[in-house]
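A.B. asks: Supplied structure: work-v3.pdb, PDB, C-alpha atoms.
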```pdb
ATOM      1  CA  TYR A  21     -14.000   9.858  -7.229  1.00  0.00           C
ATOM      2  CA  LYS A  22     -11.519  12.757  -6.948  1.00  0.00           C
ATOM      3  CA  LYS A  23     -13.456  14.185  -4.004  1.00  0.00           C
ATOM      4  CA  GLY A  24     -13.615  10.826  -2.239  1.00  0.00           C
ATOM      5  CA  ASP A  25     -17.422  10.963  -2.302  1.00  0.00           C
ATOM      6  CA  TRP A  26     -17.779   7.205  -2.416  1.00  0.00           C
ATOM      7  CA  ASP A  27     -21.543   7.120  -1.902  1.00  0.00           C
ATOM      8  CA  GLY A  28     -22.025   9.520  -4.800  1.00  0.00           C
ATOM      9  CA  TYR A  29     -19.579   7.549  -6.914  1.00  0.00           C
ATOM     10  CA  ILE A  30     -21.315   4.234  -6.200  1.00  0.00           C
ATOM     11  CA  ALA A  31     -24.736   5.719  -6.970  1.00  0.00           C
ATOM     12  CA  SER A  32     -23.479   7.024 -10.311  1.00  0.00           C
ATOM     13  CA  MET A  33     -21.827   3.724 -11.237  1.00  0.00           C
ATOM     14  CA  GLN A  34     -24.972   1.795 -10.356  1.00  0.00           C
ATOM     15  CA  ILE A  35     -26.850   3.885 -12.920  1.00  0.00           C
ATOM     16  CA  ILE A  36     -24.363   2.643 -15.506  1.00  0.00           C
ATOM     17  CA  LEU A  37     -25.088  -0.948 -14.411  1.00  0.00           C
ATOM     18  CA  VAL A  38     -28.733  -0.485 -15.383  1.00  0.00           C
ATOM     19  CA  TYR A  39     -27.556  -0.134 -18.994  1.00  0.00           C
ATOM     20  CA  GLU A  40     -24.475  -2.358 -18.821  1.00  0.00           C
ATOM     21  CA  PRO A  41     -25.236  -5.069 -16.218  1.00  0.00           C
ATOM     22  CA  ASN A  42     -22.544  -7.368 -17.626  1.00  0.00           C
ATOM     23  CA  ALA A  43     -19.704  -4.829 -17.488  1.00  0.00           C
ATOM     24  CA  ALA A  44     -17.208  -6.559 -15.193  1.00  0.00           C
ATOM     25  CA  ASP A  45     -15.081  -3.425 -14.868  1.00  0.00           C
ATOM     26  CA  VAL A  46     -18.022  -1.422 -13.509  1.00  0.00           C
ATOM     27  CA  HIS A  47     -18.669  -4.030 -10.810  1.00  0.00           C
ATOM     28  CA  TYR A  48     -14.963  -3.976  -9.962  1.00  0.00           C
ATOM     29  CA  LEU A  49     -14.879  -0.170  -9.680  1.00  0.00           C
ATOM     30  CA  ILE A  50     -17.913  -0.237  -7.404  1.00  0.00           C
ATOM     31  CA  GLY A  51     -16.055  -2.793  -5.288  1.00  0.00           C
ATOM     32  CA  GLU A  52     -13.086  -0.429  -5.078  1.00  0.00           C
ATOM     33  CA  ALA A  53     -15.320   2.392  -3.854  1.00  0.00           C
ATOM     34  CA  TYR A  54     -16.766   0.121  -1.164  1.00  0.00           C
ATOM     35  CA  ARG A  55     -13.209  -0.848  -0.185  1.00  0.00           C
ATOM     36  CA  PHE A  56     -12.223   2.797   0.186  1.00  0.00           C
ATOM     37  CA  LYS A  57     -15.323   3.286   2.358  1.00  0.00           C
ATOM     38  CA  GLY A  58     -14.310   0.363   4.547  1.00  0.00           C
ATOM     39  CA  ASP A  59     -17.438  -1.599   3.584  1.00  0.00           C
ATOM     40  CA  THR A  60     -15.737  -4.952   3.092  1.00  0.00           C
ATOM     41  CA  ALA A  61     -18.912  -7.029   2.668  1.00  0.00           C
ATOM     42  CA  ASN A  62     -20.210  -5.017  -0.283  1.00  0.00           C
ATOM     43  CA  ALA A  63     -16.705  -4.736  -1.718  1.00  0.00           C
ATOM     44  CA  LEU A  64     -16.349  -8.521  -1.776  1.00  0.00           C
ATOM     45  CA  ALA A  65     -19.808  -8.946  -3.295  1.00  0.00           C
ATOM     46  CA  SER A  66     -18.947  -6.504  -6.097  1.00  0.00           C
ATOM     47  CA  TYR A  67     -15.614  -8.183  -6.805  1.00  0.00           C
ATOM     48  CA  LYS A  68     -17.353 -11.551  -6.923  1.00  0.00           C
ATOM     49  CA  ASP A  69     -19.880 -10.186  -9.434  1.00  0.00           C
ATOM     50  CA  ALA A  70     -17.004  -9.011 -11.612  1.00  0.00           C
ATOM     51  CA  GLU A  71     -15.257 -12.403 -11.346  1.00  0.00           C
ATOM     52  CA  ASP A  72     -18.460 -14.267 -12.262  1.00  0.00           C
ATOM     53  CA  ILE A  73     -19.019 -12.084 -15.329  1.00  0.00           C
ATOM     54  CA  ASP A  74     -15.419 -12.314 -16.566  1.00  0.00           C
ATOM     55  CA  PRO A  75     -13.243 -14.924 -14.799  1.00  0.00           C
ATOM     56  CA  ASN A  76     -10.240 -13.753 -16.844  1.00  0.00           C
ATOM     57  CA  PHE A  77     -10.386 -10.158 -15.580  1.00  0.00           C
ATOM     58  CA  SER A  78      -7.462  -9.892 -13.166  1.00  0.00           C
ATOM     59  CA  ALA A  79      -8.295  -6.754 -11.156  1.00  0.00           C
ATOM     60  CA  PRO A  80     -11.137  -8.185  -9.001  1.00  0.00           C
ATOM     61  CA  TYR A  81      -8.829 -10.922  -7.666  1.00  0.00           C
ATOM     62  CA  LEU A  82      -6.408  -8.255  -6.459  1.00  0.00           C
ATOM     63  CA  GLY A  83      -9.295  -6.326  -4.930  1.00  0.00           C
ATOM     64  CA  GLU A  84     -10.551  -9.455  -3.188  1.00  0.00           C
ATOM     65  CA  ALA A  85      -7.070 -10.199  -1.808  1.00  0.00           C
ATOM     66  CA  ARG A  86      -6.790  -6.666  -0.398  1.00  0.00           C
ATOM     67  CA  VAL A  87     -10.183  -6.823   1.283  1.00  0.00           C
ATOM     68  CA  ARG A  88      -9.680 -10.280   2.757  1.00  0.00           C
ATOM     69  CA  LEU A  89      -6.342  -9.145   4.207  1.00  0.00           C
ATOM     70  CA  LEU A  90      -8.040  -6.028   5.548  1.00  0.00           C
ATOM     71  CA  ARG A  91     -10.540  -8.266   7.329  1.00  0.00           C
ATOM     72  CA  ASP A  92      -7.947 -10.781   8.504  1.00  0.00           C
ATOM     73  CA  PRO A  93      -4.208  -9.952   8.237  1.00  0.00           C
ATOM     74  CA  GLY A  94      -3.464 -13.659   8.664  1.00  0.00           C
ATOM     75  CA  TYR A  95      -5.507 -14.637   5.602  1.00  0.00           C
ATOM     76  CA  ASN A  96      -3.636 -16.689   2.976  1.00  0.00           C
ATOM     77  CA  ALA A  97      -4.059 -14.420  -0.043  1.00  0.00           C
ATOM     78  CA  GLU A  98      -1.269 -15.913  -2.123  1.00  0.00           C
ATOM     79  CA  LYS A  99      -3.567 -17.787  -4.520  1.00  0.00           C
ATOM     80  CA  LEU A 100      -5.616 -14.672  -5.256  1.00  0.00           C
ATOM     81  CA  LEU A 101      -2.504 -12.562  -5.824  1.00  0.00           C
ATOM     82  CA  ASP A 102      -0.918 -15.261  -7.987  1.00  0.00           C
ATOM     83  CA  LYS A 103      -4.102 -15.499 -10.053  1.00  0.00           C
ATOM     84  CA  ALA A 104      -4.200 -11.733 -10.640  1.00  0.00           C
ATOM     85  CA  ILE A 105      -0.612 -11.882 -11.947  1.00  0.00           C
ATOM     86  CA  ASP A 106      -1.150 -15.049 -14.000  1.00  0.00           C
ATOM     87  CA  LEU A 107      -4.107 -13.421 -15.757  1.00  0.00           C
ATOM     88  CA  ASP A 108      -2.194 -10.192 -16.390  1.00  0.00           C
ATOM     89  CA  PRO A 109       1.620 -10.529 -16.189  1.00  0.00           C
ATOM     90  CA  ASP A 110       1.955  -6.744 -16.658  1.00  0.00           C
ATOM     91  CA  TYR A 111      -0.231  -5.820 -13.682  1.00  0.00           C
ATOM     92  CA  GLY A 112       2.158  -3.716 -11.613  1.00  0.00           C
ATOM     93  CA  GLU A 113      -0.233  -3.189  -8.698  1.00  0.00           C
ATOM     94  CA  ALA A 114      -0.541  -6.950  -8.239  1.00  0.00           C
ATOM     95  CA  TYR A 115       3.239  -7.411  -8.007  1.00  0.00           C
ATOM     96  CA  LEU A 116       3.392  -4.562  -5.494  1.00  0.00           C
ATOM     97  CA  GLU A 117       0.612  -6.017  -3.354  1.00  0.00           C
ATOM     98  CA  ARG A 118       2.180  -9.465  -3.431  1.00  0.00           C
ATOM     99  CA  ALA A 119       5.501  -7.947  -2.361  1.00  0.00           C
ATOM    100  CA  LYS A 120       3.816  -6.314   0.643  1.00  0.00           C
ATOM    101  CA  TYR A 121       2.197  -9.647   1.487  1.00  0.00           C
ATOM    102  CA  LEU A 122       5.541 -11.473   1.256  1.00  0.00           C
ATOM    103  CA  ILE A 123       7.263  -8.947   3.531  1.00  0.00           C
ATOM    104  CA  LEU A 124       4.631  -9.539   6.199  1.00  0.00           C
ATOM    105  CA  ARG A 125       5.243 -13.278   5.802  1.00  0.00           C
ATOM    106  CA  LYS A 126       8.995 -12.736   6.376  1.00  0.00           C
ATOM    107  CA  LYS A 127       9.852 -13.500   2.743  1.00  0.00           C
ATOM    108  CA  ALA A 128      11.600 -10.228   1.952  1.00  0.00           C
ATOM    109  CA  GLU A 129      13.976 -11.717  -0.630  1.00  0.00           C
ATOM    110  CA  ALA A 130      11.023 -12.985  -2.665  1.00  0.00           C
ATOM    111  CA  ALA A 131       9.392  -9.579  -2.235  1.00  0.00           C
ATOM    112  CA  ILE A 132      12.413  -7.886  -3.834  1.00  0.00           C
ATOM    113  CA  VAL A 133      11.866  -9.993  -6.966  1.00  0.00           C
ATOM    114  CA  ASP A 134       8.259  -8.789  -7.223  1.00  0.00           C
ATOM    115  CA  LEU A 135       9.299  -5.203  -6.489  1.00  0.00           C
ATOM    116  CA  ASN A 136      11.814  -5.236  -9.330  1.00  0.00           C
ATOM    117  CA  ARG A 137       8.978  -6.215 -11.646  1.00  0.00           C
ATOM    118  CA  ALA A 138       6.663  -3.590 -10.145  1.00  0.00           C
ATOM    119  CA  GLU A 139       9.378  -0.936 -10.558  1.00  0.00           C
ATOM    120  CA  ALA A 140       9.729  -1.773 -14.256  1.00  0.00           C
ATOM    121  CA  LEU A 141       5.973  -1.500 -14.745  1.00  0.00           C
ATOM    122  CA  MET A 142       5.423   1.542 -12.464  1.00  0.00           C
ATOM    123  CA  PRO A 143       8.692   3.511 -12.500  1.00  0.00           C
ATOM    124  CA  ASN A 144       7.130   6.647 -11.003  1.00  0.00           C
ATOM    125  CA  SER A 145       5.333   5.053  -8.065  1.00  0.00           C
ATOM    126  CA  PRO A 146       6.507   6.241  -4.629  1.00  0.00           C
ATOM    127  CA  ASP A 147       4.665   3.291  -3.084  1.00  0.00           C
ATOM    128  CA  VAL A 148       6.995   0.897  -4.913  1.00  0.00           C
ATOM    129  CA  TYR A 149      10.069   2.553  -3.395  1.00  0.00           C
ATOM    130  CA  LEU A 150       8.513   2.752   0.059  1.00  0.00           C
ATOM    131  CA  THR A 151       7.874  -0.989  -0.156  1.00  0.00           C
ATOM    132  CA  PHE A 152      11.472  -1.510  -1.300  1.00  0.00           C
ATOM    133  CA  ALA A 153      12.481   0.322   1.894  1.00  0.00           C
ATOM    134  CA  ASN A 154      10.359  -2.039   3.988  1.00  0.00           C
ATOM    135  CA  ALA A 155      11.868  -5.075   2.264  1.00  0.00           C
ATOM    136  CA  TYR A 156      15.450  -3.894   2.699  1.00  0.00           C
ATOM    137  CA  LEU A 157      14.730  -3.006   6.322  1.00  0.00           C
ATOM    138  CA  ALA A 158      13.474  -6.557   6.900  1.00  0.00           C
ATOM    139  CA  LEU A 159      16.710  -7.866   5.364  1.00  0.00           C
ATOM    140  CA  GLY A 160      18.830  -5.633   7.617  1.00  0.00           C
ATOM    141  CA  GLU A 161      20.083  -3.562   4.675  1.00  0.00           C
ATOM    142  CA  ASP A 162      19.551  -0.150   6.252  1.00  0.00           C
ATOM    143  CA  ALA A 163      21.547   1.858   3.692  1.00  0.00           C
ATOM    144  CA  SER A 164      19.517   0.477   0.788  1.00  0.00           C
ATOM    145  CA  ALA A 165      16.307   1.000   2.778  1.00  0.00           C
ATOM    146  CA  LEU A 166      17.170   4.654   3.360  1.00  0.00           C
ATOM    147  CA  GLU A 167      18.050   5.193  -0.306  1.00  0.00           C
ATOM    148  CA  SER A 168      14.680   3.751  -1.351  1.00  0.00           C
ATOM    149  CA  ALA A 169      12.750   5.808   1.215  1.00  0.00           C
ATOM    150  CA  GLU A 170      14.469   9.011   0.102  1.00  0.00           C
ATOM    151  CA  LYS A 171      13.575   8.195  -3.496  1.00  0.00           C
ATOM    152  CA  ALA A 172       9.933   7.732  -2.472  1.00  0.00           C
ATOM    153  CA  TYR A 173      10.071  11.116  -0.699  1.00  0.00           C
ATOM    154  CA  SER A 174      11.515  12.822  -3.788  1.00  0.00           C
ATOM    155  CA  MET A 175       8.561  11.531  -5.807  1.00  0.00           C
ATOM    156  CA  ASP A 176       5.824  12.536  -3.360  1.00  0.00           C
ATOM    157  CA  ILE A 177       6.528  14.805  -0.399  1.00  0.00           C
ATOM    158  CA  THR A 178       2.890  14.460   0.731  1.00  0.00           C
ATOM    159  CA  ALA A 179       3.055  10.671   1.305  1.00  0.00           C
ATOM    160  CA  LEU A 180       2.702  10.388   5.086  1.00  0.00           C
ATOM    161  CA  PRO A 181       4.050   6.811   5.479  1.00  0.00           C
ATOM    162  CA  VAL A 182       7.319   7.970   3.901  1.00  0.00           C
ATOM    163  CA  TYR A 183       7.902  10.368   6.809  1.00  0.00           C
ATOM    164  CA  GLU A 184       7.446   7.558   9.334  1.00  0.00           C
ATOM    165  CA  MET A 185       9.862   5.342   7.413  1.00  0.00           C
ATOM    166  CA  LEU A 186      12.445   8.113   7.023  1.00  0.00           C
ATOM    167  CA  GLY A 187      12.218   8.943  10.720  1.00  0.00           C
ATOM    168  CA  ARG A 188      12.869   5.323  11.610  1.00  0.00           C
ATOM    169  CA  LEU A 189      15.767   4.954   9.166  1.00  0.00           C
ATOM    170  CA  TYR A 190      17.418   8.246  10.077  1.00  0.00           C
ATOM    171  CA  LEU A 191      17.322   7.074  13.696  1.00  0.00           C
ATOM    172  CA  GLU A 192      18.904   3.735  12.766  1.00  0.00           C
ATOM    173  CA  ASN A 193      21.605   5.541  10.755  1.00  0.00           C
ATOM    174  CA  GLY A 194      22.493   8.007  13.520  1.00  0.00           C
ATOM    175  CA  GLN A 195      20.999  11.021  11.727  1.00  0.00           C
ATOM    176  CA  TYR A 196      19.095  12.096  14.814  1.00  0.00           C
ATOM    177  CA  GLN A 197      18.198  15.671  13.878  1.00  0.00           C
ATOM    178  CA  ARG A 198      16.743  14.547  10.569  1.00  0.00           C
ATOM    179  CA  SER A 199      14.845  11.817  12.405  1.00  0.00           C
ATOM    180  CA  VAL A 200      13.322  14.456  14.696  1.00  0.00           C
ATOM    181  CA  GLU A 201      12.321  16.632  11.742  1.00  0.00           C
ATOM    182  CA  THR A 202      10.564  13.885   9.799  1.00  0.00           C
ATOM    183  CA  LEU A 203       8.881  12.280  12.798  1.00  0.00           C
ATOM    184  CA  GLU A 204       7.550  15.647  13.974  1.00  0.00           C
ATOM    185  CA  VAL A 205       5.840  16.108  10.602  1.00  0.00           C
ATOM    186  CA  TYR A 206       4.431  12.586  10.674  1.00  0.00           C
ATOM    187  CA  LEU A 207       3.066  12.916  14.215  1.00  0.00           C
ATOM    188  CA  VAL A 208       1.147  16.090  13.371  1.00  0.00           C
ATOM    189  CA  TYR A 209      -1.147  13.834  11.327  1.00  0.00           C
ATOM    190  CA  GLU A 210      -0.770  10.559  13.275  1.00  0.00           C
ATOM    191  CA  PRO A 211      -0.537  11.688  16.926  1.00  0.00           C
ATOM    192  CA  GLU A 212      -1.652   8.291  18.270  1.00  0.00           C
ATOM    193  CA  ASP A 213       1.199   6.282  16.705  1.00  0.00           C
ATOM    194  CA  ALA A 214       2.926   5.005  19.846  1.00  0.00           C
ATOM    195  CA  ALA A 215       5.931   3.513  18.024  1.00  0.00           C
ATOM    196  CA  ALA A 216       6.622   6.797  16.237  1.00  0.00           C
ATOM    197  CA  LEU A 217       6.345   8.694  19.539  1.00  0.00           C
ATOM    198  CA  ALA A 218       8.857   6.310  21.097  1.00  0.00           C
ATOM    199  CA  ARG A 219      11.273   6.804  18.195  1.00  0.00           C
ATOM    200  CA  LEU A 220      10.873  10.563  18.439  1.00  0.00           C
ATOM    201  CA  GLY A 221      11.652  10.356  22.163  1.00  0.00           C
ATOM    202  CA  GLN A 222      14.805   8.389  21.407  1.00  0.00           C
ATOM    203  CA  ALA A 223      15.858  10.890  18.719  1.00  0.00           C
ATOM    204  CA  TYR A 224      15.348  13.814  21.125  1.00  0.00           C
ATOM    205  CA  TYR A 225      17.434  11.949  23.705  1.00  0.00           C
ATOM    206  CA  GLU A 226      20.247  11.410  21.217  1.00  0.00           C
ATOM    207  CA  ILE A 227      20.469  15.156  20.427  1.00  0.00           C
ATOM    208  CA  GLY A 228      20.379  16.078  24.108  1.00  0.00           C
ATOM    209  CA  GLU A 229      16.821  17.414  24.318  1.00  0.00           C
ATOM    210  CA  TYR A 230      16.009  15.452  27.444  1.00  0.00           C
ATOM    211  CA  GLU A 231      12.836  17.268  28.478  1.00  0.00           C
TER
END
```
Render the structure in this file as structure tokens.

C.D. replies:
Amino acid sequence: YKKGDWDGYIASMQIILVYEPNAADVHYLIGEAYRFKGDTANALASYKDAEDIDPNFSAPYLGEARVRLLRDPGYNAEKLLDKAIDLDPDYGEAYLERAKYLILRKKAEAAIVDLNRAEALMPNSPDVYLTFANAYLALGEDASALESAEKAYSMDITALPVYEMLGRLYLENGQYQRSVETLEVYLVYEPEDAAALARLGQAYYEIGEYE
């Protein structure tokens, strides 16, 4: 798992299934490995196996929601996300995922409510604060968005999406040199991101580096 050797991980977990075929958590974890591989069909099948074995186990419903949205960003995943939370009201990842879903559906205020709950349950998660930044950005609250993004950066300086968000927010806030610095780092690893390249071009323009 730590090496990201998903085929090896799945093979090992399937050995466990020989001895524990009714272990819903094992089916769920196999589904997660398939999701990380990008094999959505087998991921869904594994989540479904987990749901059939234990309908009250919340995690597979979150996994299913993630995979169905991966397949179709327009998919209505609200029922699956609601079910994951109803079954486990302390499931921080489910609140976070539902917040991301709500932001995409232009319901940023509702997303903030879920993010406050996710923050209480996962106080050290940079992903929570990055999602806060996205929600505040959608609401036009740039100062709060920047504060959240900087908090995410302080927690994990290796999180690549944070650099993209900081670059965008520094640009919006007139901090052009800082925008250049963060976007340059981001584009080393994501050189095909056209929007980030455009923002970097604008930031260079603002500091007078026209070439």

A.B. asks: With only C-alpha atoms as the counted atoms, please give the residues lying no more than 10 Å from region 219-225 of chain A, apart from itself and same-chain residues fewer than 4 positions off, as a list in words.

C.D. replies: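 Those residues are Glu184, Gly187, Arg188, Tyr190, Leu191, Glu192, Gly194, Gln195, Tyr196, Gln197, Arg198, Ser199, Val200, Glu201, Thr202, Leu203, Glu204, Leu207, Ala214, Ala215, Glu229, Tyr230 and Glu231 of chain A.
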
A.B. asks: Of the candidates A:Tyr115, A:Tyr149, A:Tyr156, A:Phe56, which shows the shortest atom-to-atom distance to Ala172 (chain A), using all atoms listed in the file?

C.D. replies: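 Closest to Ala172 (chain A) of all the choices is A:Tyr149.
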
A.B. asks: Kindly provide, as lines of an AutoDock Vina configuration file, the centre and edge lengths (Å, one decimal) of an axis-aligned box around all atoms of region 29-36 of chain A given in the file, with 5 Å on each side.

C.D. replies:
```
center_x = -23.2
center_y = 4.7
center_z = -10.9
size_x = 17.3
size_y = 15.8
size_z = 19.3
```

A.B. asks: Where does the PyMOL selection byres ((chain A and resi 111) around 12) land in this file, that is, which residues does it pick, as a ChimeraX atom specification?

C.D. replies: /A:77-79,81-82,101-110,112-118,134-135,137-142

A.B. asks: Got a sec to check which residues sit within 12 Å of (7.0, -9.7, 2.4), counting all atoms listed in the file, and write them as a PyMOL selection string?

C.D. replies: chain A and resi 98+115-135+151-159

A.B. asks: Do a neighbour search on Val87 (chain A) at 10 Å with all atoms listed in the file, toss out local chain neighbours closer than 4 positions, and write the hits as an MDAnalysis selection string.

C.D. replies: chainID A and resid 51:52 54:56 58:61 63:64 67 81:83 91:93 97

A.B. asks: With only C-alpha atoms as the basis for distance, which of A:Asp162, A:Arg86, A:Tyr183, A:Ala44 is at the shortest distance from Ser66 (chain A)?

C.D. replies: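 Checking each candidate against Ser66 (chain A), we get A:Ala44 as the closest.
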
A.B. asks: Report as JSON, numbers by chain the residues that result from applying the PyMOL selection byres ((chain A and resi 182) around 7) to the structure here.

C.D. replies: {"A": [150, 169, 172, 173, 179, 180, 181, 183, 184, 185, 186]}

A.B. asks: My structure is short of atoms at region 163-177 of chain A; please model N, CA and C atoms there, returning them as a compact mmCIF listing (two decimals), keeping the file's coordinate frame.

C.D. replies:
```txt
# COMPACT_ATOMS: atom_id res chain seq x y z
N ALA A 163 21.12 0.85 4.66
CA ALA A 163 21.55 1.86 3.69
C ALA A 163 20.67 1.82 2.44
N SER A 164 20.38 0.62 1.96
CA SER A 164 19.52 0.48 0.79
C SER A 164 18.08 0.90 1.12
N ALA A 165 17.64 0.60 2.35
CA ALA A 165 16.31 1.00 2.78
C ALA A 165 16.18 2.52 2.78
N LEU A 166 17.20 3.19 3.30
CA LEU A 166 17.17 4.65 3.36
C LEU A 166 17.19 5.25 1.96
N GLU A 167 17.99 4.70 1.08
CA GLU A 167 18.05 5.19 -0.31
C GLU A 167 16.68 5.08 -0.98
N SER A 168 16.00 3.96 -0.75
CA SER A 168 14.68 3.75 -1.35
C SER A 168 13.65 4.71 -0.76
N ALA A 169 13.70 4.91 0.56
CA ALA A 169 12.75 5.81 1.22
C ALA A 169 12.95 7.24 0.75
N GLU A 170 14.20 7.65 0.58
CA GLU A 170 14.47 9.01 0.10
C GLU A 170 14.01 9.19 -1.34
N LYS A 171 14.08 8.13 -2.13
CA LYS A 171 13.58 8.20 -3.50
C LYS A 171 12.06 8.34 -3.49
N ALA A 172 11.39 7.60 -2.60
CA ALA A 172 9.93 7.73 -2.47
C ALA A 172 9.56 9.16 -2.07
N TYR A 173 10.33 9.74 -1.15
CA TYR A 173 10.07 11.12 -0.70
C TYR A 173 10.25 12.11 -1.85
N SER A 174 11.28 11.91 -2.67
CA SER A 174 11.52 12.82 -3.79
C SER A 174 10.38 12.79 -4.80
N MET A 175 9.66 11.67 -4.86
CA MET A 175 8.56 11.53 -5.81
C MET A 175 7.26 12.11 -5.28
N ASP A 176 7.08 12.04 -3.94
CA ASP A 176 5.82 12.54 -3.36
C ASP A 176 6.08 12.98 -1.93
N ILE A 177 6.23 14.29 -1.74
CA ILE A 177 6.53 14.80 -0.40
C ILE A 177 5.28 14.84 0.48
```
